[in-house]
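Structure data follow from protein-v2.csv (CSV, N, CA and C atoms):
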chain,number,residue,atom,x,y,z
A,217,MET,N,90.9,71.5,96.7
A,217,MET,CA,90.7,72.8,96.1
A,217,MET,C,89.4,73.5,96.5
A,218,LYS,N,88.4,72.7,96.6
A,218,LYS,CA,87.1,73.2,96.9
A,218,LYS,C,87.1,73.7,98.4
A,219,ALA,N,87.8,73.0,99.2
A,219,ALA,CA,87.9,73.4,100.7
A,219,ALA,C,88.6,74.8,100.8
A,220,ALA,N,89.7,74.9,100.0
A,220,ALA,CA,90.4,76.2,100.0
A,220,ALA,C,89.5,77.4,99.5
A,221,ARG,N,88.7,77.1,98.5
A,221,ARG,CA,87.8,78.2,98.0
A,221,ARG,C,86.8,78.5,99.1
A,222,LEU,N,86.3,77.5,99.7
A,222,LEU,CA,85.3,77.8,100.8
A,222,LEU,C,85.9,78.5,101.9
A,223,LEU,N,87.1,78.2,102.3
A,223,LEU,CA,87.8,78.9,103.4
A,223,LEU,C,88.1,80.3,103.0
A,224,THR,N,88.5,80.6,101.8
A,224,THR,CA,88.8,82.0,101.4
A,224,THR,C,87.5,82.8,101.4
A,225,ASP,N,86.4,82.2,101.0
A,225,ASP,CA,85.1,82.9,101.0
A,225,ASP,C,84.7,83.3,102.4
A,226,TRP,N,84.8,82.3,103.4
A,226,TRP,CA,84.5,82.6,104.7
A,226,TRP,C,85.4,83.6,105.4
A,227,LEU,N,86.7,83.5,105.1
A,227,LEU,CA,87.7,84.4,105.7
A,227,LEU,C,87.4,85.8,105.2
A,228,GLY,N,87.0,86.0,103.9
A,228,GLY,CA,86.7,87.3,103.4
A,228,GLY,C,85.5,87.9,104.1
A,229,ALA,N,84.5,87.0,104.3
A,229,ALA,CA,83.2,87.5,105.0
A,229,ALA,C,83.5,87.8,106.4
A,230,ALA,N,84.4,87.0,107.1
A,230,ALA,CA,84.7,87.3,108.5
A,230,ALA,C,85.5,88.6,108.6
A,231,ALA,N,86.4,88.8,107.6
A,231,ALA,CA,87.2,90.1,107.6
A,231,ALA,C,86.3,91.3,107.5
A,232,LEU,N,85.3,91.2,106.6
A,232,LEU,CA,84.4,92.3,106.4
A,232,LEU,C,83.4,92.5,107.6
A,233,CYS,N,83.2,91.4,108.3
A,233,CYS,CA,82.3,91.5,109.5
A,233,CYS,C,83.1,92.2,110.7
A,234,CYS,N,84.4,92.0,110.7
A,234,CYS,CA,85.2,92.6,111.8
A,234,CYS,C,85.7,94.0,111.5
A,235,ALA,N,85.9,94.3,110.3
A,235,ALA,CA,86.5,95.6,109.9
A,235,ALA,C,85.8,96.8,110.3
A,236,PRO,N,84.4,96.9,110.3
A,236,PRO,CA,83.8,98.1,110.7
A,236,PRO,C,84.0,98.6,112.1
A,237,PHE,N,84.3,97.6,113.0
A,237,PHE,CA,84.6,98.0,114.4
A,237,PHE,C,85.9,98.7,114.6
A,238,ILE,N,86.8,98.5,113.7
A,238,ILE,CA,88.1,99.2,113.8
A,238,ILE,C,88.5,100.0,112.5
A,239,ILE,N,87.5,100.4,111.8
A,239,ILE,CA,87.7,101.0,110.5
A,239,ILE,C,88.4,102.3,110.6
A,240,ASP,N,88.4,103.0,111.7
A,240,ASP,CA,89.1,104.3,111.9
A,240,ASP,C,90.6,104.1,112.0
A,241,THR,N,91.1,102.8,112.1
A,241,THR,CA,92.5,102.6,112.1
A,241,THR,C,93.0,102.1,110.8
A,242,THR,N,94.3,102.2,110.6
A,242,THR,CA,94.9,101.6,109.3
A,242,THR,C,94.7,100.1,109.2
A,243,GLU,N,94.7,99.4,110.3
A,243,GLU,CA,94.5,98.0,110.3
A,243,GLU,C,93.1,97.6,109.9
A,244,GLY,N,92.1,98.4,110.4
A,244,GLY,CA,90.7,98.2,110.0
A,244,GLY,C,90.5,98.4,108.5
A,245,LYS,N,91.1,99.4,107.9
A,245,LYS,CA,91.1,99.6,106.5
A,245,LYS,C,91.7,98.5,105.7
A,246,ALA,N,92.9,98.0,106.2
A,246,ALA,CA,93.6,96.9,105.6
A,246,ALA,C,92.8,95.6,105.7
A,247,LEU,N,92.1,95.4,106.8
A,247,LEU,CA,91.2,94.2,107.0
A,247,LEU,C,90.1,94.3,106.0
A,248,ALA,N,89.5,95.5,105.8
A,248,ALA,CA,88.4,95.6,104.8
A,248,ALA,C,89.0,95.3,103.4
A,249,ILE,N,90.2,95.8,103.1
A,249,ILE,CA,90.7,95.6,101.7
A,249,ILE,C,90.9,94.1,101.5
A,250,VAL,N,91.5,93.4,102.5
A,250,VAL,CA,91.7,91.9,102.4
A,250,VAL,C,90.4,91.2,102.2
A,251,GLY,N,89.4,91.6,103.0
A,251,GLY,CA,88.1,91.0,102.9
A,251,GLY,C,87.4,91.2,101.5
A,252,LEU,N,87.5,92.4,101.0
A,252,LEU,CA,87.0,92.7,99.7
A,252,LEU,C,87.7,91.9,98.6
A,253,ALA,N,89.0,91.8,98.8
A,253,ALA,CA,89.8,91.1,97.8
A,253,ALA,C,89.4,89.6,97.7
A,254,LEU,N,89.3,89.0,98.9
A,254,LEU,CA,88.9,87.6,99.0
A,254,LEU,C,87.5,87.4,98.4
A,255,LEU,N,86.6,88.3,98.7
A,255,LEU,CA,85.2,88.2,98.2
A,255,LEU,C,85.1,88.5,96.7
A,256,THR,N,86.1,89.2,96.2
A,256,THR,CA,86.1,89.5,94.8
A,256,THR,C,86.4,88.2,94.0
A,257,LEU,N,87.3,87.3,94.6
A,257,LEU,CA,87.5,86.0,94.0
A,257,LEU,C,86.3,85.2,93.9
A,258,GLN,N,85.4,85.2,94.9
A,258,GLN,CA,84.2,84.5,94.9
A,258,GLN,C,83.2,85.1,93.9
A,259,ALA,N,83.2,86.4,93.8
A,259,ALA,CA,82.3,87.1,92.8
A,259,ALA,C,82.7,86.8,91.4
A,260,LEU,N,84.0,86.7,91.1
A,260,LEU,CA,84.5,86.3,89.8
A,260,LEU,C,84.1,84.9,89.5
A,261,ARG,N,84.2,84.0,90.4
A,261,ARG,CA,83.9,82.6,90.2
A,261,ARG,C,82.4,82.4,89.8
A,262,VAL,N,81.5,83.2,90.3
A,262,VAL,CA,80.1,83.1,90.0
A,262,VAL,C,79.6,84.1,89.0
A,263,SER,N,80.5,84.8,88.4
A,263,SER,CA,80.3,85.8,87.3
A,263,SER,C,79.3,87.0,87.8
A,264,CYS,N,79.5,87.4,89.0
A,264,CYS,CA,78.8,88.6,89.5
A,264,CYS,C,79.7,89.8,89.3
A,265,TYR,N,79.7,90.3,88.1
A,265,TYR,CA,80.6,91.3,87.7
A,265,TYR,C,80.2,92.7,88.3
A,266,ASN,N,79.0,92.9,88.7
A,266,ASN,CA,78.6,94.1,89.4
A,266,ASN,C,79.3,94.1,90.8
A,267,LEU,N,79.3,93.0,91.4
A,267,LEU,CA,80.0,92.9,92.7
A,267,LEU,C,81.5,93.1,92.6
A,268,VAL,N,82.0,92.5,91.6
A,268,VAL,CA,83.5,92.7,91.3
A,268,VAL,C,83.8,94.2,91.2
A,269,PHE,N,83.0,94.9,90.4
A,269,PHE,CA,83.2,96.3,90.2
A,269,PHE,C,83.1,97.1,91.5
A,270,LEU,N,82.0,96.8,92.3
A,270,LEU,CA,81.9,97.4,93.6
A,270,LEU,C,83.0,97.1,94.6
A,271,ASN,N,83.5,95.9,94.6
A,271,ASN,CA,84.6,95.5,95.5
A,271,ASN,C,85.9,96.3,95.1
A,272,ILE,N,86.1,96.4,93.8
A,272,ILE,CA,87.3,97.1,93.3
A,272,ILE,C,87.2,98.5,93.7
A,273,ILE,N,86.1,99.1,93.5
A,273,ILE,CA,85.9,100.5,93.9
A,273,ILE,C,86.1,100.7,95.4
A,274,GLY,N,85.6,99.7,96.2
A,274,GLY,CA,85.8,99.8,97.7
A,274,GLY,C,87.2,99.7,98.1
A,275,ILE,N,87.9,98.8,97.4
A,275,ILE,CA,89.4,98.6,97.7
A,275,ILE,C,90.1,99.9,97.4
A,276,GLY,N,89.8,100.5,96.2
A,276,GLY,CA,90.4,101.8,95.9
A,276,GLY,C,90.1,102.9,96.9
A,277,GLY,N,88.8,102.9,97.4
A,277,GLY,CA,88.5,103.9,98.4
A,277,GLY,C,89.2,103.7,99.7
A,278,TYR,N,89.4,102.5,100.1
A,278,TYR,CA,90.1,102.2,101.4
A,278,TYR,C,91.6,102.5,101.2
A,279,LEU,N,92.2,102.2,100.0
A,279,LEU,CA,93.6,102.6,99.8
A,279,LEU,C,93.8,104.1,99.8
A,280,TYR,N,92.8,104.8,99.2
A,280,TYR,CA,92.9,106.2,99.2
A,280,TYR,C,92.8,106.8,100.7
A,281,ALA,N,91.9,106.2,101.5
A,281,ALA,CA,91.8,106.6,102.9
A,281,ALA,C,93.1,106.4,103.7
A,282,ILE,N,93.8,105.3,103.3
A,282,ILE,CA,95.0,105.0,104.0
A,282,ILE,C,96.1,106.0,103.6
A,283,TYR,N,96.3,106.3,102.3
A,283,TYR,CA,97.4,107.0,101.9
A,283,TYR,C,97.2,108.5,101.7
A,284,PHE,N,96.0,109.0,101.8
A,284,PHE,CA,95.7,110.4,101.6
A,284,PHE,C,94.9,111.0,102.7
So, in terms of structure tokens, how does the structure I just supplied come out?
Amino acid sequence: MKAARLLTDWLGAAALCCAPFIIDTTEGKALAIVGLALLTLQALRVSCYNLVFLNIIGIGGYLYAIYF
């Protein structure tokens, strides 16, 4: 279980590292959403609720950019 958590943490970070280079595409925005969602799990685990709030706002912003 710990290995799965560590993997999701690193996958989230990797997704957010790659997303800015293709952020003008729908795939780039989707990658940012996935990365933020994965890192939100980590922030919840360590009770960093300010980061949870920021990640949720970021996810909402990228969803808005995709659909509107």
Spatial neighbours of range 252-256 of chain A, max dist 6.5 Å, all atoms listed in the file, sep filter under 4 positions, as a PyMOL selection string: chain A and resi 224-225+228-229+232+247-248+260-261+267-268+271
For CA of Asn266 in chain A and CA of Lys245 in chain A, the interatomic separation in Å (one decimal):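 We find that CA of Asn266 in chain A and CA of Lys245 in chain A lie 21.9 Å from each other.
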Length of the CA of Leu222 in chain A to CA of Tyr265 in chain A vector [Å]: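 Those two atoms sit 19.4 Å apart.
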A:Met217, A:Cys264, A:Ile239, A:Ala231 ranked by distance to Gly251 in chain A, top pick (using only N, CA and C atoms): A:Ala231
Separation of CA of Ala259 in chain A from atom N of Phe237 in chain A in Å: 22.9 Å
Nearest candidate to Ile282 in chain A (options A:Val262, A:Cys233, A:Ala246, A:Leu227; using only N, CA and C atoms): A:Ala246
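Considering only C-alpha atoms, the residue among A:Phe269, A:Ala230, A:Tyr278, A:Arg221 positioned nearest to Glu243 in chain A is A:Tyr278.
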Alpha helix (DSSP H) positions in chain A, given as a VMD selection string: chain A and resid 218 to 234 242 to 261 265 to 283
Near-Leu279 in chain A list (10 Å; only C-alpha atoms; drop same-chain fewer than 3 positions) as JSON, numbers by chain: {"A": [242, 245, 246, 249, 273, 274, 275, 276, 282, 283, 284]}
